[in-house]
Structures are given as structure tokens and as C-alpha cells.
file final_5.pdb (PDB, C-alpha atoms)
MODEL        1
ATOM      1  CA  MET A  76      23.140  54.114  41.951
ATOM      2  CA  ALA A  77      19.994  55.092  43.895
ATOM      3  CA  ARG A  78      20.399  55.479  47.631
ATOM      4  CA  TYR A  79      18.907  57.245  50.649
ATOM      5  CA  THR A  80      20.553  60.640  51.200
ATOM      6  CA  GLY A  81      18.579  61.975  54.173
ATOM      7  CA  ALA A  82      19.488  62.136  57.864
ATOM      8  CA  VAL A  83      20.159  58.550  58.924
ATOM      9  CA  CYS A  84      19.767  59.228  62.664
ATOM     10  CA  LYS A  85      16.093  59.908  62.006
ATOM     11  CA  LEU A  86      15.761  56.365  60.681
ATOM     12  CA  CYS A  87      16.954  54.898  63.991
ATOM     13  CA  ARG A  88      14.586  57.139  65.925
ATOM     14  CA  ARG A  89      11.691  56.180  63.667
ATOM     15  CA  GLU A  90      12.318  52.460  64.176
ATOM     16  CA  GLY A  91      12.810  52.828  67.921
ATOM     17  CA  GLN A  92      16.253  51.217  68.063
ATOM     18  CA  LYS A  93      19.829  51.744  66.956
ATOM     19  CA  LEU A  94      20.483  50.541  63.418
ATOM     20  CA  PHE A  95      24.203  51.471  63.617
ATOM     21  CA  LEU A  96      24.103  53.458  60.387
ATOM     22  CA  LYS A  97      26.895  55.896  61.309
ATOM     23  CA  GLY A  98      29.627  53.556  62.496
ATOM     24  CA  GLU A  99      31.577  54.596  65.582
ATOM     25  CA  ARG A 100      29.288  57.579  66.253
ATOM     26  CA  CYS A 101      26.510  55.130  67.157
ATOM     27  CA  TYR A 102      28.646  53.803  70.034
ATOM     28  CA  SER A 103      29.511  57.259  71.380
ATOM     29  CA  ASP A 104      27.599  59.807  73.465
ATOM     30  CA  LYS A 105      27.022  61.787  70.255
ATOM     31  CA  CYS A 106      24.425  59.277  69.096
ATOM     32  CA  ALA A 107      21.143  61.093  68.412
ATOM     33  CA  PHE A 108      19.082  58.060  69.473
ATOM     34  CA  ALA A 109      20.713  58.113  72.918
ATOM     35  CA  HIS A 110      19.478  61.681  73.444
ATOM     36  CA  ARG A 111      16.131  61.444  71.664
ATOM     37  CA  GLY A 112      14.997  57.844  71.568
ATOM     38  CA  TYR A 113      11.602  58.644  70.131
ATOM     39  CA  ALA A 114      10.246  59.065  66.614
ATOM     40  CA  PRO A 115      11.040  62.355  64.842
ATOM     41  CA  GLY A 116       8.360  64.941  64.133
ATOM     42  CA  GLN A 117       5.825  66.964  66.074
ATOM     43  CA  HIS A 118       4.026  63.906  67.443
ATOM     44  CA  GLY A 119       7.064  61.692  67.857
ATOM     45  CA  GLN A 120       6.743  61.372  71.633
ATOM     46  CA  ALA A 121       3.068  60.413  71.517
ATOM     47  CA  ARG A 122       2.308  56.797  72.357
ATOM     48  CA  LYS A 123       0.874  54.956  69.384
ATOM     49  CA  LYS A 124      -0.583  51.475  69.286
ATOM     50  CA  LEU A 125       0.353  49.824  66.008
ATOM     51  CA  SER A 126      -2.049  47.654  64.074
ATOM     52  CA  GLU A 127      -1.047  44.208  62.841
ATOM     53  CA  TYR A 128      -0.209  45.723  59.461
ATOM     54  CA  GLY A 129       1.741  48.509  61.171
ATOM     55  CA  LEU A 130       3.911  46.001  63.031
ATOM     56  CA  GLN A 131       4.624  44.118  59.801
ATOM     57  CA  LEU A 132       5.490  47.339  57.984
ATOM     58  CA  ARG A 133       7.853  48.497  60.726
ATOM     59  CA  GLU A 134       9.754  45.176  60.683
ATOM     60  CA  LYS A 135      10.127  45.408  56.918
ATOM     61  CA  GLN A 136      11.256  49.038  57.040
ATOM     62  CA  LYS A 137      13.656  48.398  59.904
ATOM     63  CA  THR A 138      15.347  45.518  58.075
ATOM     64  CA  ARG A 139      15.503  47.411  54.806
ATOM     65  CA  ARG A 140      17.094  50.434  56.452
ATOM     66  CA  TYR A 141      19.505  48.323  58.474
ATOM     67  CA  TYR A 142      21.058  47.005  55.263
ATOM     68  CA  GLY A 143      20.635  50.237  53.298
ATOM     69  CA  VAL A 144      18.451  48.660  50.609
ATOM     70  CA  LEU A 145      15.753  50.514  48.678
ATOM     71  CA  GLU A 146      12.176  49.275  48.396
ATOM     72  CA  GLY A 147      12.320  47.705  44.938
ATOM     73  CA  GLN A 148      15.506  45.787  45.623
ATOM     74  CA  PHE A 149      14.209  44.567  48.979
ATOM     75  CA  ALA A 150      11.084  43.201  47.284
ATOM     76  CA  HIS A 151      13.320  41.495  44.713
ATOM     77  CA  TYR A 152      15.317  39.845  47.484
ATOM     78  CA  PHE A 153      12.086  38.618  49.053
ATOM     79  CA  GLU A 154      11.085  36.998  45.752
ATOM     80  CA  MET A 155      14.494  35.311  45.620
ATOM     81  CA  ALA A 156      14.024  34.074  49.192
ATOM     82  CA  GLU A 157      10.612  32.604  48.337
ATOM     83  CA  ARG A 158      12.101  30.534  45.515
ATOM     84  CA  LYS A 159      14.764  28.998  47.769
ATOM     85  CA  PRO A 160      14.091  25.891  49.892
ATOM     86  CA  GLY A 161      13.696  26.487  53.612
ATOM     87  CA  LEU A 162      12.138  29.308  55.609
ATOM     88  CA  THR A 163      11.520  32.411  53.483
ATOM     89  CA  GLY A 164      12.284  34.864  56.300
ATOM     90  CA  GLU A 165      15.623  33.285  57.124
ATOM     91  CA  ASN A 166      16.472  33.005  53.427
ATOM     92  CA  LEU A 167      15.844  36.735  53.094
ATOM     93  CA  LEU A 168      18.236  37.612  55.914
ATOM     94  CA  VAL A 169      20.926  35.304  54.480
ATOM     95  CA  ILE A 170      20.627  37.024  51.095
ATOM     96  CA  LEU A 171      20.969  40.449  52.719
ATOM     97  CA  GLU A 172      23.989  39.302  54.724
ATOM     98  CA  SER A 173      25.554  37.991  51.501
ATOM     99  CA  ARG A 174      25.726  41.434  49.906
ATOM    100  CA  LEU A 175      29.309  42.507  49.271
ATOM    101  CA  ASP A 176      28.920  45.803  51.143
ATOM    102  CA  ASN A 177      27.643  43.918  54.206
ATOM    103  CA  VAL A 178      30.506  41.399  54.056
ATOM    104  CA  VAL A 179      33.021  44.256  53.815
ATOM    105  CA  TYR A 180      31.426  45.808  56.898
ATOM    106  CA  ARG A 181      31.297  42.508  58.792
ATOM    107  CA  LEU A 182      34.998  41.910  58.124
ATOM    108  CA  GLY A 183      35.856  45.266  59.693
ATOM    109  CA  PHE A 184      36.994  46.810  56.406
ATOM    110  CA  ALA A 185      34.484  49.653  56.928
ATOM    111  CA  SER A 186      32.940  51.395  59.946
ATOM    112  CA  SER A 187      29.385  51.253  58.589
ATOM    113  CA  ARG A 188      27.497  49.702  55.700
ATOM    114  CA  ALA A 189      27.226  53.107  54.056
ATOM    115  CA  GLU A 190      31.007  53.494  54.188
ATOM    116  CA  ALA A 191      31.423  49.932  52.900
ATOM    117  CA  ARG A 192      29.104  50.740  49.994
ATOM    118  CA  GLN A 193      31.177  53.792  49.111
ATOM    119  CA  LEU A 194      34.480  51.903  49.280
ATOM    120  CA  VAL A 195      33.108  49.112  47.075
ATOM    121  CA  VAL A 196      31.805  51.586  44.489
ATOM    122  CA  HIS A 197      35.235  53.246  44.382
ATOM    123  CA  GLY A 198      36.801  49.906  43.465
ATOM    124  CA  HIS A 199      38.768  49.142  46.622
ATOM    125  CA  PHE A 200      37.815  45.435  46.797
ATOM    126  CA  THR A 201      38.205  42.221  44.858
ATOM    127  CA  VAL A 202      36.252  38.961  45.017
ATOM    128  CA  ASN A 203      38.332  35.907  44.133
ATOM    129  CA  GLY A 204      40.982  38.172  42.643
ATOM    130  CA  LYS A 205      38.626  40.177  40.391
ATOM    131  CA  ARG A 206      37.730  43.761  41.188
ATOM    132  CA  VAL A 207      34.039  44.206  42.000
ATOM    133  CA  ASP A 208      32.464  47.667  42.346
ATOM    134  CA  VAL A 209      28.835  46.587  42.818
ATOM    135  CA  PRO A 210      27.716  46.753  46.496
ATOM    136  CA  SER A 211      24.783  44.386  45.847
ATOM    137  CA  PHE A 212      27.052  41.623  44.517
ATOM    138  CA  LEU A 213      26.115  38.429  46.377
ATOM    139  CA  VAL A 214      29.026  36.380  47.690
ATOM    140  CA  LYS A 215      28.973  32.593  47.951
ATOM    141  CA  GLU A 216      30.589  30.046  50.234
ATOM    142  CA  GLY A 217      34.321  29.894  49.534
ATOM    143  CA  ASP A 218      34.571  33.390  48.043
ATOM    144  CA  VAL A 219      37.544  35.491  49.121
ATOM    145  CA  VAL A 220      36.997  39.225  49.589
ATOM    146  CA  ALA A 221      40.195  41.281  49.669
ATOM    147  CA  ILE A 222      41.308  44.891  49.670
ATOM    148  CA  CYS A 223      42.954  45.773  46.357
ATOM    149  CA  GLU A 224      46.731  45.895  46.582
ATOM    150  CA  LYS A 225      46.902  49.571  45.567
ATOM    151  CA  SER A 226      44.288  50.486  48.177
ATOM    152  CA  ARG A 227      46.174  48.913  51.091
ATOM    153  CA  THR A 228      48.472  51.921  51.367
ATOM    154  CA  SER A 229      45.592  54.431  51.325
ATOM    155  CA  ASP A 230      45.389  56.600  54.454
ATOM    156  CA  LYS A 231      41.598  56.227  54.402
ATOM    157  CA  VAL A 232      41.744  52.423  54.340
ATOM    158  CA  LYS A 233      44.477  52.318  57.009
ATOM    159  CA  ALA A 234      42.416  54.535  59.315
ATOM    160  CA  VAL A 235      39.321  52.364  58.856
ATOM    161  CA  LEU A 236      41.224  49.136  59.556
ATOM    162  CA  GLU A 237      42.790  50.602  62.687
ATOM    163  CA  ALA A 238      39.433  51.899  63.979
ATOM    164  CA  ASN A 239      37.797  48.476  63.541
ATOM    165  CA  ALA A 240      40.695  46.279  64.677
ATOM    166  CA  SER A 241      38.888  45.153  67.828
ATOM    167  CA  ARG A 242      35.546  44.379  66.205
ATOM    168  CA  PRO A 243      34.692  40.660  66.404
ATOM    169  CA  THR A 244      34.386  38.773  63.119
ATOM    170  CA  PRO A 245      31.215  36.687  62.568
ATOM    171  CA  LEU A 246      31.707  32.920  62.777
ATOM    172  CA  TRP A 247      30.737  32.427  59.138
ATOM    173  CA  LEU A 248      33.625  34.610  57.966
ATOM    174  CA  GLU A 249      37.386  34.078  58.278
ATOM    175  CA  LEU A 250      39.518  37.219  58.505
ATOM    176  CA  ASN A 251      43.231  37.426  57.730
ATOM    177  CA  ARG A 252      44.398  40.923  58.657
ATOM    178  CA  GLU A 253      47.950  40.299  57.450
ATOM    179  CA  SER A 254      46.808  39.567  53.887
ATOM    180  CA  PHE A 255      43.948  42.129  53.963
ATOM    181  CA  GLU A 256      41.371  39.522  53.028
ATOM    182  CA  GLY A 257      38.450  37.555  54.363
ATOM    183  CA  LYS A 258      36.870  34.287  53.288
ATOM    184  CA  VAL A 259      33.240  33.215  53.348
ATOM    185  CA  ALA A 260      33.731  29.996  55.315
ATOM    186  CA  ARG A 261      30.033  29.154  55.117
ATOM    187  CA  MET A 262      26.748  30.905  54.539
ATOM    188  CA  PRO A 263      25.338  32.467  57.723
ATOM    189  CA  ALA A 264      22.688  30.743  59.825
ATOM    190  CA  ARG A 265      19.927  32.695  61.581
ATOM    191  CA  GLU A 266      21.796  32.586  64.888
ATOM    192  CA  ASP A 267      24.784  34.268  63.209
ATOM    193  CA  ILE A 268      22.721  37.335  62.286
ATOM    194  CA  ASP A 269      22.565  39.807  65.166
ATOM    195  CA  LEU A 270      19.574  41.725  63.844
ATOM    196  CA  GLU A 271      16.674  42.201  66.257
ATOM    197  CA  VAL A 272      13.889  41.568  63.792
ATOM    198  CA  GLU A 273      10.985  39.156  63.528
ATOM    199  CA  GLU A 274      11.375  38.035  59.938
ATOM    200  CA  LEU A 275       8.033  36.211  60.072
ATOM    201  CA  LEU A 276       6.309  39.615  60.174
ATOM    202  CA  ILE A 277       8.060  40.532  56.910
ATOM    203  CA  VAL A 278       6.794  37.321  55.317
ATOM    204  CA  GLU A 279       3.279  38.148  56.505
ATOM    205  CA  TYR A 280       3.612  41.676  55.084
ATOM    206  CA  TYR A 281       4.420  40.416  51.591
ATOM    207  CA  SER A 282       1.845  37.632  51.803
ATOM    208  CA  LYS A 283      -1.101  40.025  51.859
TER     209      LYS A 283
ENDMDL
END
call {"tool": "encode", "arguments": {"input": "final_5.pdb", "output": "C-alpha cells"}}
result
Amino acid sequence: MARYTGAVCKLCRREGQKLFLKGERCYSDKCAFAHRGYAPGQHGQARKKLSEYGLQLREKQKTRRYYGVLEGQFAHYFEMAERKPGLTGENLLVILESRLDNVVYRLGFASSRAEARQLVVHGHFTVNGKRVDVPSFLVKEGDVVAICEKSRTSDKVKAVLEANASRPTPLWLELNRESFEGKVARMPAREDIDLEVEELLIVEYYSK
């Protein structure tokens, strides 16, 4: 499974905002962006005026990095979004939110999307009672995502659940902590997605 293995704090600094790629660390005073909120590199602190294309590229890169998706897969999701009825940009964000690793993160079963991806790959989750170890699996309305019974006693899983106990659950998901499961009550709407991105710029980027 291809994935980015570099320093993730540099990604936040490059995009000029927190992407919350390291879980609880992003909320603490150890966050690199809080200390150096400028782009990495020798000329990172220089003021740069972005072109129209540059703005579109940055929105695309920011969204892609936020969800931990590589370039080819992101382009594939955009093609899927184009084929769906409705606004392409919103369709794209809904598809990204529907990824299993994102749903695991949103339910508070992981501290970051990267951790959620790792837990899914290691087979700690089921969808509708069947074990799924593919982070890019797309959930649908009515699907039930649960922690595998054997994994519920894991010290790692217990620590993650305790650390994220106070995190609010999105309105489009229903969480049952007692049964270690969450249900996709409905597909998310744009107002449910707390990502500061102008998806129209992404559409313009791919329309060139």
C-alpha cells in the first residue's frame, strides 16, 4: 500500500494551516505549526503571491493531504465525483469522507487518519459484520462499522478510545461506545464537513 512517509508537520506548514495529521499532538504546544507557521525551506518566510493556478493547486494539495490520499487515487475520486449528479466539488468531499479510515477517525476509534489507516490495515474493524482491511473502502448509508471483538481488549485500542472519548461525533454518524460500533446514519452534507477548503478551486484545477 503506497503512502506518504515523510515529515507530516511540514505538510501543515506548506499549506499554511493545521491539517491535524498527528492527532493529539496537533492540539498541544508541541505542534510544529504553532511554532513555525510558515512554509518549510530556505525561503519559507518570504511572502509569495500565488497565481490563479497556484491557488487551485494548493487547494487540491491541501485536501489530498488532509485525507492522506495519493495523487492518482485523488484524481480517481474526482472522476467518480464528476459522474455523480450534483456539484462535483461537494461530491468529491463526500467520497473522501466515506473512506473507511476517515469514518474510523470520525467515530473516535483513532487519534488521526494515519492511525486509523494503520488500524484498518491490521484488521481491527468490520463493516456490517465482515472484516475489512482496506482503508479506501467506501461506506454507504446504513453501514455499521465496528471494532472486531478480539481487538476490543487490546491495550492499544483501549488507549485510543479513552484518549478520544470527549471528541464530538459528526451528525451523519451514530456512535455506540458500549457496543464499540458506529453507524452511517446518512451520507454527509457539505455543512457536515469541517474542512476549510474551496472545493470549486479543485474543480477548476482539474477542468484545465
call {"tool": "residues_around", "arguments": {"input": "final_5.pdb", "residues": "range 148-159 of chain A", "least_positions_apart": "5", "cutoff": "9 Å", "atoms": "all atoms listed in the file", "output": "VMD selection string"}}
result
chain A and resid 135 139 164 to 171 278 281
call {"tool": "resolve_selection", "arguments": {"input": "final_5.pdb", "expression": "the PyMOL selection byres ((chain A and resi 181-194) around 9)", "output": "ChimeraX atom specification"}}
result
/A:95-99,141-143,172,175-180,195-200,208-211,222,232,235-236,238-245,248-250,255-257
call {"tool": "atom_distance", "arguments": {"input": "final_5.pdb", "atom1": "CA of Leu275 in chain A", "atom2": "CA of Phe212 in chain A"}}
result
25.2 Å
call {"tool": "atom_distance", "arguments": {"input": "final_5.pdb", "atom1": "CA of Thr201 in chain A", "atom2": "CA of Thr228 in chain A"}}
result
15.6 Å
call {"tool": "atom_distance", "arguments": {"input": "final_5.pdb", "atom1": "CA of Lys124 in chain A", "atom2": "CA of Leu145 in chain A"}}
result
26.3 Å
call {"tool": "residues_around", "arguments": {"input": "final_5.pdb", "residues": "Val272 in chain A", "least_positions_apart": "2", "cutoff": "10 Å", "atoms": "only C-alpha atoms", "output": "JSON, numbers by chain"}}
result
{"A": [133, 134, 135, 137, 138, 168, 268, 269, 270, 274, 275, 276, 277]}
call {"tool": "resolve_selection", "arguments": {"input": "final_5.pdb", "expression": "the PyMOL selection byres ((chain A and resi 128) around 10)", "output": "PyMOL selection string"}}
result
chain A and resi 125-127+129-133+276+279-280+283
call {"tool": "closest_residue", "arguments": {"input": "final_5.pdb", "among": "A:Gln136, A:Ser173, A:Ser254, A:Asn203", "to": "Glu273 in chain A", "atoms": "only C-alpha atoms"}}
result
A:Gln136
call {"tool": "axis_aligned_box", "arguments": {"input": "final_5.pdb", "around": "range 257-269 of chain A", "padding_each_side": "4 Å", "output": "lines of an AutoDock Vina configuration file"}}
result
center_x = 29.2
center_y = 34.5
center_z = 59.2
size_x = 26.5
size_y = 18.7
size_z = 19.9
call {"tool": "build_atoms", "arguments": {"input": "final_5.pdb", "residues": "range 239-253 of chain A", "atoms": "N, CA and C atoms", "output": "compact mmCIF listing (two decimals), keeping the file's coordinate frame"}}
result
# COMPACT_ATOMS: atom_id res chain seq x y z
N ASN A 239 38.63 49.66 63.38
CA ASN A 239 37.80 48.48 63.54
C ASN A 239 38.59 47.22 63.92
N ALA A 240 39.82 47.42 64.37
CA ALA A 240 40.70 46.28 64.68
C ALA A 240 40.14 45.37 65.77
N SER A 241 39.39 45.95 66.70
CA SER A 241 38.89 45.15 67.83
C SER A 241 37.49 44.58 67.59
N ARG A 242 36.89 44.87 66.45
CA ARG A 242 35.55 44.38 66.20
C ARG A 242 35.57 42.87 65.95
N PRO A 243 34.70 42.12 66.62
CA PRO A 243 34.69 40.66 66.40
C PRO A 243 34.20 40.29 65.01
N THR A 244 34.78 39.24 64.45
CA THR A 244 34.39 38.77 63.12
C THR A 244 33.33 37.68 63.26
N PRO A 245 32.24 37.74 62.49
CA PRO A 245 31.22 36.69 62.57
C PRO A 245 31.81 35.30 62.30
N LEU A 246 31.19 34.28 62.88
CA LEU A 246 31.71 32.92 62.78
C LEU A 246 31.68 32.39 61.35
N TRP A 247 30.84 32.94 60.51
CA TRP A 247 30.74 32.43 59.14
C TRP A 247 31.78 33.05 58.20
N LEU A 248 32.56 33.98 58.74
CA LEU A 248 33.62 34.61 57.97
C LEU A 248 34.98 34.33 58.61
N GLU A 249 36.02 34.25 57.79
CA GLU A 249 37.39 34.08 58.28
C GLU A 249 38.21 35.28 57.84
N LEU A 250 38.77 36.00 58.80
CA LEU A 250 39.52 37.22 58.50
C LEU A 250 41.01 36.99 58.65
N ASN A 251 41.77 37.45 57.67
CA ASN A 251 43.23 37.43 57.73
C ASN A 251 43.71 38.87 57.58
N ARG A 252 44.00 39.51 58.70
CA ARG A 252 44.40 40.92 58.66
C ARG A 252 45.74 41.13 57.95
N GLU A 253 46.62 40.16 58.06
CA GLU A 253 47.95 40.30 57.45
C GLU A 253 47.86 40.36 55.92
